[in-house]
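Enquirer: Provided herewith: query_9.cif, mmCIF, C-alpha atoms and all ligand atoms.
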```cif
data_query
#
loop_
_atom_site.label_atom_id
_atom_site.label_comp_id
_atom_site.auth_asym_id
_atom_site.auth_seq_id
_atom_site.Cartn_x
_atom_site.Cartn_y
_atom_site.Cartn_z
CA MET A 10 23.43 -29.90 14.01
CA ARG A 11 22.33 -26.95 11.89
CA ILE A 12 22.05 -27.40 8.14
CA ASP A 13 22.97 -24.24 6.25
CA ILE A 14 20.90 -23.91 3.11
CA GLN A 15 21.77 -21.82 0.09
CA LYS A 16 18.95 -22.24 -2.39
CA ILE A 17 19.58 -22.06 -6.10
CA ASP A 18 18.76 -18.78 -7.83
CA PRO A 19 15.48 -19.60 -9.66
CA ALA A 20 16.98 -18.14 -12.85
CA GLN A 21 19.75 -20.78 -12.67
CA ALA A 22 17.50 -23.72 -11.71
CA LYS A 23 17.31 -26.59 -14.17
CA PRO A 24 13.88 -27.59 -15.46
CA ILE A 25 12.65 -30.78 -13.82
CA PRO A 26 12.56 -33.68 -16.31
CA THR A 27 9.53 -35.97 -16.23
CA GLU A 28 10.73 -39.06 -18.14
CA GLY A 29 13.65 -40.68 -19.96
CA PHE A 30 16.01 -40.40 -16.97
CA GLY A 31 18.23 -43.40 -17.62
CA PHE A 32 20.27 -44.18 -14.54
CA GLY A 33 22.53 -41.75 -12.68
CA LYS A 34 22.99 -39.16 -15.41
CA ILE A 35 20.81 -36.30 -14.20
CA PHE A 36 21.18 -34.54 -10.84
CA THR A 37 18.79 -32.27 -8.98
CA ASN A 38 19.30 -28.57 -8.27
CA HIS A 39 20.93 -29.05 -4.85
CA MET A 40 23.54 -31.16 -3.09
CA LEU A 41 24.62 -31.54 0.51
CA THR A 42 28.21 -31.54 1.74
CA ARG A 43 29.58 -32.05 5.24
CA HIS A 44 33.23 -31.90 6.28
CA TYR A 45 34.95 -33.83 9.03
CA SER A 46 38.28 -33.13 10.63
CA GLY A 47 40.09 -35.18 13.24
CA ALA A 48 40.30 -32.09 15.46
CA ASP A 49 36.71 -30.88 15.22
CA GLY A 50 34.68 -33.93 14.19
CA TRP A 51 31.69 -33.43 11.88
CA MET A 52 30.92 -29.83 10.98
CA ASN A 53 27.51 -28.45 10.08
CA PRO A 54 26.30 -29.67 6.68
CA GLN A 55 25.70 -27.27 3.85
CA ILE A 56 23.14 -27.49 1.09
CA GLU A 57 24.01 -25.52 -2.00
CA PRO A 58 23.27 -25.55 -5.73
CA TYR A 59 24.48 -28.74 -7.41
CA GLY A 60 27.73 -28.25 -9.27
CA PRO A 61 31.45 -28.98 -9.41
CA ILE A 62 33.59 -28.32 -6.37
CA PRO A 63 37.22 -27.18 -6.41
CA MET A 64 39.57 -29.88 -5.17
CA GLU A 65 43.21 -30.76 -5.18
CA LEU A 66 44.12 -33.79 -7.27
CA SER A 67 46.26 -35.03 -4.42
CA LEU A 68 43.21 -36.07 -2.37
CA ALA A 69 44.05 -39.40 -0.74
CA SER A 70 40.77 -40.98 -1.88
CA LEU A 71 41.60 -40.35 -5.54
CA HIS A 72 44.77 -42.39 -5.14
CA TYR A 73 44.05 -44.99 -2.47
CA ALA A 74 40.26 -45.41 -2.86
CA GLN A 75 39.20 -44.75 0.72
CA GLU A 76 35.58 -44.18 -0.23
CA ILE A 77 32.17 -45.52 0.75
CA PHE A 78 28.67 -44.87 -0.49
CA GLU A 79 25.04 -45.84 -0.18
CA GLY A 80 22.16 -46.18 -2.59
CA THR A 81 18.56 -45.68 -1.57
CA LYS A 82 15.49 -44.28 -3.31
CA ALA A 83 12.52 -41.95 -2.80
CA TYR A 84 9.28 -43.09 -4.41
CA ARG A 85 6.27 -41.01 -5.48
CA ARG A 86 3.12 -42.29 -3.77
CA PRO A 87 -0.35 -42.25 -5.37
CA ASP A 88 -1.39 -39.57 -2.81
CA GLY A 89 1.41 -37.31 -4.08
CA ALA A 90 3.64 -37.67 -1.00
CA VAL A 91 7.01 -39.40 -1.08
CA ASN A 92 8.24 -42.63 0.56
CA LEU A 93 11.74 -43.43 1.71
CA PHE A 94 12.28 -47.19 1.98
CA ARG A 95 14.12 -48.80 4.93
CA ILE A 96 16.33 -45.75 5.08
CA GLN A 97 17.64 -46.69 8.55
CA GLU A 98 19.12 -49.87 7.06
CA ASN A 99 21.12 -47.86 4.56
CA ILE A 100 22.27 -45.45 7.24
CA LYS A 101 23.39 -48.33 9.46
CA ARG A 102 25.20 -50.01 6.57
CA PHE A 103 26.93 -46.71 5.78
CA ASN A 104 28.38 -46.69 9.30
CA ARG A 105 29.44 -50.34 9.03
CA SER A 106 31.21 -49.54 5.74
CA ALA A 107 32.81 -46.50 7.40
CA GLU A 108 34.20 -48.64 10.22
CA ARG A 109 35.58 -51.22 7.78
CA LEU A 110 37.26 -48.52 5.71
CA ALA A 111 38.60 -46.75 8.85
CA MET A 112 36.49 -43.68 8.26
CA PRO A 113 34.42 -41.69 10.79
CA THR A 114 30.87 -42.85 11.42
CA MET A 115 28.00 -40.37 11.56
CA ASP A 116 25.17 -40.08 14.04
CA GLU A 117 22.23 -41.94 12.45
CA GLU A 118 19.70 -39.19 13.21
CA GLU A 119 21.99 -36.55 11.73
CA HIS A 120 22.50 -38.63 8.61
CA LEU A 121 18.73 -39.01 8.26
CA ASP A 122 18.23 -35.30 8.82
CA CYS A 123 20.72 -34.57 5.99
CA ILE A 124 18.84 -36.86 3.59
CA VAL A 125 15.36 -35.62 4.53
CA THR A 126 16.30 -31.92 4.42
CA LEU A 127 17.88 -32.26 0.97
CA MET A 128 15.01 -34.44 -0.22
CA ASN A 129 12.42 -31.92 0.95
CA LEU A 130 14.18 -29.14 -0.92
CA ASP A 131 14.25 -31.09 -4.20
CA GLU A 132 11.04 -33.03 -3.55
CA ALA A 133 9.54 -31.95 -6.88
CA TRP A 134 12.27 -34.02 -8.58
CA VAL A 135 10.79 -37.31 -7.33
CA PRO A 136 9.34 -38.58 -10.61
CA ALA A 137 5.71 -39.52 -10.99
CA ALA A 138 6.47 -41.70 -14.05
CA PRO A 139 5.81 -45.39 -13.35
CA LYS A 140 8.85 -47.42 -12.18
CA SER A 141 11.00 -44.29 -11.86
CA SER A 142 12.23 -42.87 -8.56
CA LEU A 143 14.73 -40.44 -7.06
CA TYR A 144 18.00 -42.20 -6.33
CA ILE A 145 19.78 -40.94 -3.21
CA ARG A 146 23.55 -41.32 -3.11
CA PRO A 147 25.21 -40.55 0.26
CA THR A 148 29.00 -40.83 -0.16
CA MET A 149 32.12 -40.26 1.93
CA ILE A 150 35.67 -39.77 0.68
CA SER A 151 38.97 -39.21 2.39
CA SER A 152 39.61 -35.56 1.56
CA GLU A 153 43.07 -34.82 2.87
CA ALA A 154 45.39 -33.50 0.17
CA THR A 155 48.17 -36.05 0.47
CA ILE A 156 49.57 -38.92 -1.52
CA GLY A 157 51.99 -39.73 1.28
CA LYS A 158 49.39 -41.48 3.43
CA MET A 159 46.62 -43.87 2.52
CA SER A 160 44.30 -41.79 4.65
CA GLY A 161 44.33 -38.60 6.63
CA SER A 162 42.11 -37.07 9.23
CA GLU A 163 39.86 -35.13 6.85
CA PHE A 164 36.78 -36.52 5.20
CA LEU A 165 34.01 -35.20 3.01
CA PHE A 166 30.47 -36.55 3.19
CA PHE A 167 28.07 -35.59 0.43
CA ILE A 168 24.64 -36.48 -0.88
CA LEU A 169 23.51 -36.35 -4.50
CA LEU A 170 19.98 -36.88 -5.78
CA SER A 171 19.25 -38.28 -9.22
CA PRO A 172 15.91 -39.08 -10.87
CA VAL A 173 16.26 -42.56 -12.35
CA ASP A 174 14.63 -45.29 -14.34
CA PRO A 175 15.36 -48.90 -13.31
CA TYR A 176 19.04 -49.82 -13.73
CA PHE A 177 18.47 -52.25 -16.59
CA ALA A 178 17.18 -50.31 -19.58
CA THR A 179 15.55 -53.49 -20.88
CA GLY A 180 12.87 -53.09 -18.19
CA PHE A 181 11.29 -56.10 -16.47
CA LYS A 182 12.57 -58.58 -19.06
CA PRO A 183 14.93 -61.50 -18.36
CA ILE A 184 18.63 -60.71 -18.70
CA SER A 185 21.47 -63.09 -19.53
CA VAL A 186 24.39 -63.40 -17.13
CA PHE A 187 27.94 -64.71 -17.41
CA VAL A 188 29.37 -66.74 -14.54
CA GLU A 189 32.97 -65.56 -14.17
CA ASP A 190 35.34 -68.44 -13.42
CA GLU A 191 38.68 -66.65 -13.70
CA PHE A 192 38.44 -63.28 -11.94
CA VAL A 193 36.94 -62.77 -8.50
CA ARG A 194 35.23 -59.87 -6.74
CA ALA A 195 36.10 -60.31 -3.08
CA VAL A 196 37.81 -62.65 -0.67
CA ARG A 197 36.94 -63.38 2.95
CA GLY A 198 38.58 -60.86 5.21
CA GLY A 199 38.52 -58.26 2.44
CA VAL A 200 35.98 -55.50 1.89
CA GLY A 201 33.37 -57.42 -0.11
CA ASP A 202 30.65 -56.77 2.45
CA ALA A 203 31.33 -53.02 2.61
CA LYS A 204 29.77 -50.65 0.09
CA THR A 205 33.00 -49.20 -1.20
CA GLY A 206 33.95 -48.13 -4.70
CA GLY A 207 36.83 -50.61 -4.95
CA ASN A 208 34.41 -53.54 -5.16
CA TYR A 209 32.75 -51.91 -8.14
CA ALA A 210 36.06 -51.04 -9.79
CA ALA A 211 37.04 -54.69 -9.36
CA SER A 212 33.98 -55.75 -11.33
CA VAL A 213 34.55 -53.55 -14.40
CA PHE A 214 37.01 -55.76 -16.27
CA ALA A 215 34.93 -58.93 -15.92
CA THR A 216 31.71 -57.06 -16.72
CA LYS A 217 33.25 -55.78 -19.95
CA LYS A 218 34.31 -59.32 -20.75
CA ALA A 219 30.74 -60.55 -20.09
CA ILE A 220 29.20 -57.80 -22.22
CA LYS A 221 31.62 -58.54 -25.04
CA ALA A 222 30.50 -62.15 -24.93
CA GLY A 223 26.88 -61.00 -25.32
CA TYR A 224 25.73 -61.03 -21.68
CA LYS A 225 24.30 -58.24 -19.60
CA GLN A 226 26.00 -58.87 -16.26
CA VAL A 227 28.59 -60.91 -14.44
CA VAL A 228 27.93 -63.45 -11.67
CA TRP A 229 30.75 -63.90 -9.18
CA LEU A 230 31.92 -67.15 -7.65
CA ASP A 231 33.78 -67.42 -4.34
CA ALA A 232 37.44 -66.47 -4.52
CA ILE A 233 38.90 -69.64 -2.97
CA GLU A 234 37.29 -72.51 -4.86
CA ARG A 235 35.59 -70.55 -7.65
CA ARG A 236 32.66 -72.82 -7.02
CA TYR A 237 30.00 -71.14 -4.92
CA VAL A 238 27.77 -68.39 -6.31
CA GLU A 239 28.18 -65.09 -4.45
CA GLU A 240 26.59 -62.06 -6.08
CA MET A 241 26.45 -60.09 -9.31
CA GLY A 242 28.27 -56.99 -10.50
CA GLY A 243 26.51 -54.58 -8.16
CA MET A 244 23.49 -56.49 -6.86
CA ASN A 245 22.53 -59.73 -5.10
CA ILE A 246 21.13 -62.87 -6.70
CA CYS A 247 18.25 -65.23 -5.81
CA PHE A 248 17.03 -68.55 -7.20
CA VAL A 249 13.58 -70.07 -7.05
CA TYR A 250 13.14 -73.82 -6.69
CA GLY A 251 9.36 -74.28 -6.93
CA ASP A 252 8.08 -72.47 -3.84
CA GLN A 253 11.52 -71.99 -2.25
CA ILE A 254 13.58 -68.83 -2.62
CA VAL A 255 17.31 -69.38 -2.14
CA THR A 256 20.15 -66.87 -1.96
CA PRO A 257 23.81 -67.25 -0.93
CA PRO A 258 24.47 -66.60 2.79
CA LEU A 259 26.26 -63.46 3.99
CA ASN A 260 29.70 -64.90 4.62
CA GLY A 261 31.73 -61.70 4.63
CA THR A 262 32.28 -61.35 0.89
CA ILE A 263 28.75 -60.48 -0.18
CA LEU A 264 27.12 -57.08 0.15
CA PRO A 265 24.24 -57.33 2.65
CA GLY A 266 21.67 -55.82 0.31
CA VAL A 267 18.64 -54.06 1.75
CA THR A 268 16.56 -55.33 -1.18
CA ARG A 269 17.95 -58.85 -0.62
CA GLU A 270 16.90 -58.79 3.04
CA SER A 271 13.50 -57.33 2.15
CA ILE A 272 12.90 -60.15 -0.35
CA LEU A 273 13.75 -62.81 2.24
CA HIS A 274 11.37 -61.17 4.72
CA LEU A 275 8.63 -60.59 2.17
CA GLY A 276 9.05 -64.09 0.70
CA ARG A 277 8.48 -65.66 4.13
CA ASP A 278 5.46 -63.43 4.71
CA LEU A 279 3.95 -64.41 1.35
CA GLY A 280 4.20 -68.10 2.25
CA TYR A 281 7.33 -69.11 0.34
CA GLN A 282 10.10 -71.12 1.94
CA VAL A 283 13.22 -69.04 2.20
CA ALA A 284 16.79 -70.28 2.57
CA GLU A 285 20.28 -68.77 2.67
CA GLU A 286 22.45 -71.56 1.31
CA MET A 287 25.73 -72.02 -0.49
CA ILE A 288 25.01 -72.76 -4.14
CA ASP A 289 27.52 -74.86 -6.07
CA ILE A 290 27.67 -73.58 -9.65
CA ASN A 291 27.86 -77.12 -11.06
CA ASP A 292 24.72 -78.14 -9.17
CA LEU A 293 23.06 -74.91 -10.20
CA MET A 294 23.72 -75.42 -13.92
CA ALA A 295 22.46 -79.03 -13.64
CA ASP A 296 19.38 -77.92 -11.66
CA ILE A 297 18.54 -75.23 -14.21
CA LYS A 298 18.84 -77.71 -17.07
CA ALA A 299 16.71 -80.23 -15.16
CA GLY A 300 14.04 -77.58 -14.60
CA LYS A 301 14.49 -77.71 -10.79
CA VAL A 302 15.50 -74.05 -10.73
CA THR A 303 12.26 -72.53 -11.88
CA GLU A 304 13.28 -68.86 -11.73
CA ALA A 305 16.28 -66.64 -11.02
CA PHE A 306 16.55 -62.92 -10.41
CA ALA A 307 18.96 -60.14 -9.51
CA CYS A 308 18.01 -57.73 -6.72
CA GLY A 309 19.29 -54.41 -5.49
CA THR A 310 18.19 -50.83 -4.94
CA ALA A 311 19.11 -49.78 -8.46
CA ALA A 312 18.09 -53.01 -10.19
CA VAL A 313 14.97 -53.54 -7.99
CA ILE A 314 14.15 -57.14 -9.04
CA ALA A 315 15.47 -58.12 -12.46
CA PRO A 316 14.59 -61.55 -13.86
CA ILE A 317 17.45 -63.68 -15.18
CA GLY A 318 16.71 -65.86 -18.20
CA GLN A 319 20.06 -67.36 -19.08
CA PHE A 320 23.35 -68.38 -17.44
CA GLY A 321 26.60 -68.90 -19.33
CA TYR A 322 29.35 -70.86 -17.54
CA LYS A 323 32.51 -72.37 -19.03
CA GLY A 324 31.01 -72.36 -22.52
CA GLU A 325 27.72 -74.00 -21.43
CA GLN A 326 24.33 -72.29 -21.52
CA ALA A 327 21.42 -72.91 -19.18
CA VAL A 328 18.05 -71.26 -19.82
CA VAL A 329 15.72 -70.59 -16.90
CA ASN A 330 11.93 -70.77 -17.27
CA ASP A 331 12.10 -70.63 -21.04
CA ASN A 332 13.59 -67.12 -20.70
CA GLN A 333 10.26 -65.80 -19.38
CA VAL A 334 9.50 -63.80 -16.24
CA GLY A 335 8.42 -66.28 -13.55
CA GLN A 336 5.39 -66.05 -11.26
CA VAL A 337 7.35 -65.85 -8.01
CA THR A 338 9.63 -63.13 -9.38
CA LYS A 339 6.58 -61.14 -10.52
CA HIS A 340 4.78 -61.70 -7.20
CA LEU A 341 7.79 -60.45 -5.21
CA TYR A 342 8.29 -57.53 -7.60
CA ASP A 343 4.66 -56.43 -7.34
CA GLU A 344 4.62 -56.69 -3.55
CA LEU A 345 7.98 -55.00 -3.03
CA THR A 346 7.35 -52.12 -5.41
CA GLY A 347 3.76 -51.89 -4.14
CA ILE A 348 5.10 -51.15 -0.65
CA GLN A 349 7.89 -48.88 -1.88
CA TYR A 350 5.52 -46.71 -3.94
CA GLY A 351 2.78 -46.77 -1.29
CA ARG A 352 0.31 -48.65 -3.48
CA ILE A 353 0.10 -51.48 -0.91
CA ALA A 354 -0.24 -50.94 2.85
CA ASP A 355 3.16 -51.19 4.52
CA ARG A 356 2.66 -54.03 7.02
CA PHE A 357 6.34 -54.09 7.98
CA GLY A 358 6.89 -50.43 8.89
CA TRP A 359 9.51 -50.12 6.15
CA THR A 360 8.52 -46.78 4.69
CA LEU A 361 8.98 -43.24 5.92
CA LYS A 362 6.54 -40.78 4.42
CA ILE A 363 8.06 -37.40 3.61
CA ASP A 364 5.76 -34.41 3.48
CA GLY A 365 7.86 -32.11 1.33
CA VAL A 366 7.80 -29.32 3.90
CA ASN A 367 11.09 -27.61 4.41
C1 LIG B 401 22.54 -49.78 -5.87
O1 LIG B 401 21.81 -50.70 -6.20
O2 LIG B 401 22.11 -48.84 -5.17
C2 LIG B 401 23.95 -49.72 -6.27
O3 LIG B 401 24.71 -49.04 -5.63
C3 LIG B 401 24.39 -50.47 -7.48
C4 LIG B 401 25.07 -49.60 -8.48
C5 LIG B 401 25.61 -50.48 -9.57
C6 LIG B 401 24.17 -48.55 -9.07
#
```
Could you spell out this file's structure in C-alpha cells?
Ligand code: COI
Expert:
Amino acid sequence: MRIDIQKIDPAQAKPIPTEGFGFGKIFTNHMLTRHYSGADGWMNPQIEPYGPIPMELSLASLHYAQEIFEGTKAYRRPDGAVNLFRIQENIKRFNRSAERLAMPTMDEEEHLDCIVTLMNLDEAWVPAAPKSSLYIRPTMISSEATIGKMSGSEFLFFILLSPVDPYFATGFKPISVFVEDEFVRAVRGGVGDAKTGGNYAASVFATKKAIKAGYKQVVWLDAIERRYVEEMGGMNICFVYGDQIVTPPLNGTILPGVTRESILHLGRDLGYQVAEEMIDINDLMADIKAGKVTEAFACGTAAVIAPIGQFGYKGEQAVVNDNQVGQVTKHLYDELTGIQYGRIADRFGWTLKIDGVN
C-alpha cells in the first residue's frame, strides 16, 4: 500500500490552536481518504488538505445509514513525543463493526499505517494543554450513488483528526444522568455492539428528553424488560461498591468500549475486585440510597472517566457519594490518564509512541 500525500500549501494552512478546543469542532490541516470497490478492493489511500468533498446526495449511506466509525486519541507526552493508546483494539473493533454492517474489512497493518502517517503529518496539532488530546476518527461509509439498494459495492474510508478537550465541558465534576424507561437503544441481535452511527442517532431523542429534564446524559436499560442497566448515550458505565468495580456484561447490545476494558484490567491490577454483572435498576437505586453504591462513573474514549453524582429514574432521585468525585474514580482516572499521556510507565504495553517523523 502506498499512501499518496498532497501537503497543504503553507499559505492556506490554518494556525494551530492551543486551547479552548471543545469537542469535535476543529479539524487539522489534512485528512485521509481511501476508496474501495467490489472489483478492485481497497485502493491506495490519499492524504490531502482537510476540506469538503464533492458527493452525490444519492449515496446509499446517507439514506440507509450503512456507516461505521472509531474513536481513539493521541496524547502529548511530557518528553514531547506522542502516544497512541491501544490502537490495535480500535482497529480490530472497526473490522468487527464492518463485518456486522456488511462492509469490507481492512488489513490491520494498513489501517494502522493510515492513522500513523496522517498523525505524523499533523503531529503538531496534538495539544500540550492538560487533559486535551487529538481525537482520531476513522470512518467508513457506503459510497455508491444509489437509493435503490441499501448498500452497493463501493465504500469510502476516511480519517479526520480533531484537537479536543474532554467530552463533558464540566470537566472532572459529577454529572447527573436520567435512566430512560420508555425508549431503548439496542436489542439483542441488533447492532448495539457495533460502532455505527445508527446507535447514536437512536440516542438523540432520549438524550434531548434527559437534557430538558435537567440531566446531562441518558442511561439505557435493556430493551426486553427495561430493567437491566446497559450503557449511556455514547459511553459505558461502571459502579463502585466499596472496593468492587462492577459494569454490565457484554451481551451483544453494549458497545465493547476500549476504555471500559482498560478500566477492568487496570482495576484488577490496582487491587480492586472487578465484576461484569447484570445490574437491576431497582436494586441499583436502592443500593445508591443505602450508600452501598459508593461511586459511579461513565467511561469512553471521548468522556475518559466522568464521575456520576445523581441518577433520576421514574421520578425518583438517588445521589451517589454526596455528589462528590470518589476515591476509586479518581484513582482509576489518574492511573489511566497517567499511562495514556506517558506520565506513568506503561506496564501493560498499551501505548504506541509516535516519533513525528514522516
Ligand atoms: C468516543 O468516545 O470515542 C465516541 O465515539 C463517543 C462519541 C459520543 C463522541
Enquirer: What is the distance, in Å and to one decimal place, between CA of Glu119 in chain A and CA of Arg86 in chain A?
Expert: 25.1 Å
Enquirer: At a cut-off of 9 Å, using only C-alpha atoms, what residues contact His72 in chain A? Leave out same-chain residues fewer than 4 positions from it and give the result as an MDAnalysis selection string.
Expert: chainID A and resid 66:68 156 159
Enquirer: Include C-alpha atoms and write out the residues we just selected as a CSV table (one decimal), in the coordinates of the input.
Expert:
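What follows is the written file result_16.csv:
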```csv
chain,number,residue,atom,x,y,z
A,66,LEU,CA,44.1,-33.8,-7.3
A,67,SER,CA,46.3,-35.0,-4.4
A,68,LEU,CA,43.2,-36.1,-2.4
A,156,ILE,CA,49.6,-38.9,-1.5
A,159,MET,CA,46.6,-43.9,2.5
```
Enquirer: Axis-aligned box over every listed atom of range 136-152 of chain A, padded by 6 Å per side: centre and edges in Å to one decimal, as lines of an AutoDock Vina configuration file?
Expert:
```
center_x = 22.7
center_y = -41.5
center_z = -5.8
size_x = 45.9
size_y = 23.9
size_z = 28.4
```
Enquirer: List as a ChimeraX atom specification the protein and nucleic acid residues near Pro172 in chain A, meaning an atom at most 7 Å away when only C-alpha atoms are counted, but skip any in the same chain fewer than 6 places from it.
Expert: /A:30,35-36,134-136,142-144
Enquirer: Using all atoms listed in the file, which residue out of A:Leu230, A:Met10, A:Val186, A:Met64 lies closest to Cys123 in chain A?
Expert: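 So, comparing all the options, the nearest one is A:Met10.
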Enquirer: Enumerate, in order of chain and increasing residue number, the residues of chain A with an atom no farther than 9 Å from ligand LIG 401 (chain B), each with its shortest atom pair and distance in Å to one decimal, counting only C-alpha atoms and all ligand atoms, as CSV.
Expert:
```
residue,atom,partner,partner_atom,distance
A:Phe32,CA,B:LIG401,C6,8.0
A:Gly33,CA,B:LIG401,C6,7.9
A:Phe78,CA,B:LIG401,O3,7.7
A:Glu79,CA,B:LIG401,O3,6.3
A:Gly80,CA,B:LIG401,O2,3.7
A:Thr81,CA,B:LIG401,O2,6.0
A:Lys82,CA,B:LIG401,O2,8.3
A:Tyr144,CA,B:LIG401,O2,7.9
A:Ile145,CA,B:LIG401,O2,8.5
A:Arg146,CA,B:LIG401,O2,7.9
A:Tyr176,CA,B:LIG401,C6,7.0
A:Lys204,CA,B:LIG401,O3,7.8
A:Tyr209,CA,B:LIG401,C5,7.4
A:Gly242,CA,B:LIG401,C5,7.1
A:Gly243,CA,B:LIG401,C5,4.4
A:Met244,CA,B:LIG401,O1,6.1
A:Gly266,CA,B:LIG401,O1,8.3
A:Thr268,CA,B:LIG401,O1,8.6
A:Cys308,CA,B:LIG401,O1,8.0
A:Gly309,CA,B:LIG401,O1,4.5
A:Thr310,CA,B:LIG401,O1,3.8
A:Ala311,CA,B:LIG401,O1,3.6
A:Ala312,CA,B:LIG401,O1,5.9
A:Val313,CA,B:LIG401,O1,7.6
```
Enquirer: I'd like to know which of A:Asp331, A:Glu28, A:Glu304, A:Glu234 is closest to Val196 in chain A, using all atoms listed in the file.
Expert: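 Closest candidate: A:Glu234.
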Enquirer: Neighbours of Ala284 in chain A within 12 Å (only C-alpha atoms; same-chain residues fewer than 6 positions away dropped), as a PyMOL selection string?
Expert: chain A and resi 247-250+252-259+269-270+272-274+276-277
Enquirer: Please work out which residues fall within 12 Å of (14.2, -34.3, -1.7), coordinates as given in the file, with all atoms listed in the file counting, and return them as a PyMOL selection string.
Expert: chain A and resi 36-41+56+82-85+90-93+121-136+142-146+168-172+362-367
Enquirer: For CA of Phe320 in chain A and CA of Lys221 in chain A, determine how far apart the two atoms are, in Å to one decimal place.
Expert: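 CA of Lys221 in chain A lies at a distance of 14.9 Å from CA of Phe320 in chain A.
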Enquirer: A:Ala307, A:Leu264, A:Ala232, A:Ala137: which is nearest Phe177 in chain A, counting all atoms listed in the file?
Expert: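 Answer, going by the shortest atom-to-atom distance: A:Ala307.
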Enquirer: Just want the 12 Å neighbourhood of Val213 in chain A, counted on only C-alpha atoms, with same-chain residues fewer than 5 positions away dropped. Output as a list in words.
Expert: Phe192, Val193, Arg194, Gly206, Gly207, Asn208, Lys218, Ala219, Ile220, Gln226, Val227, Met241, Gly242 and Gly243 of chain A
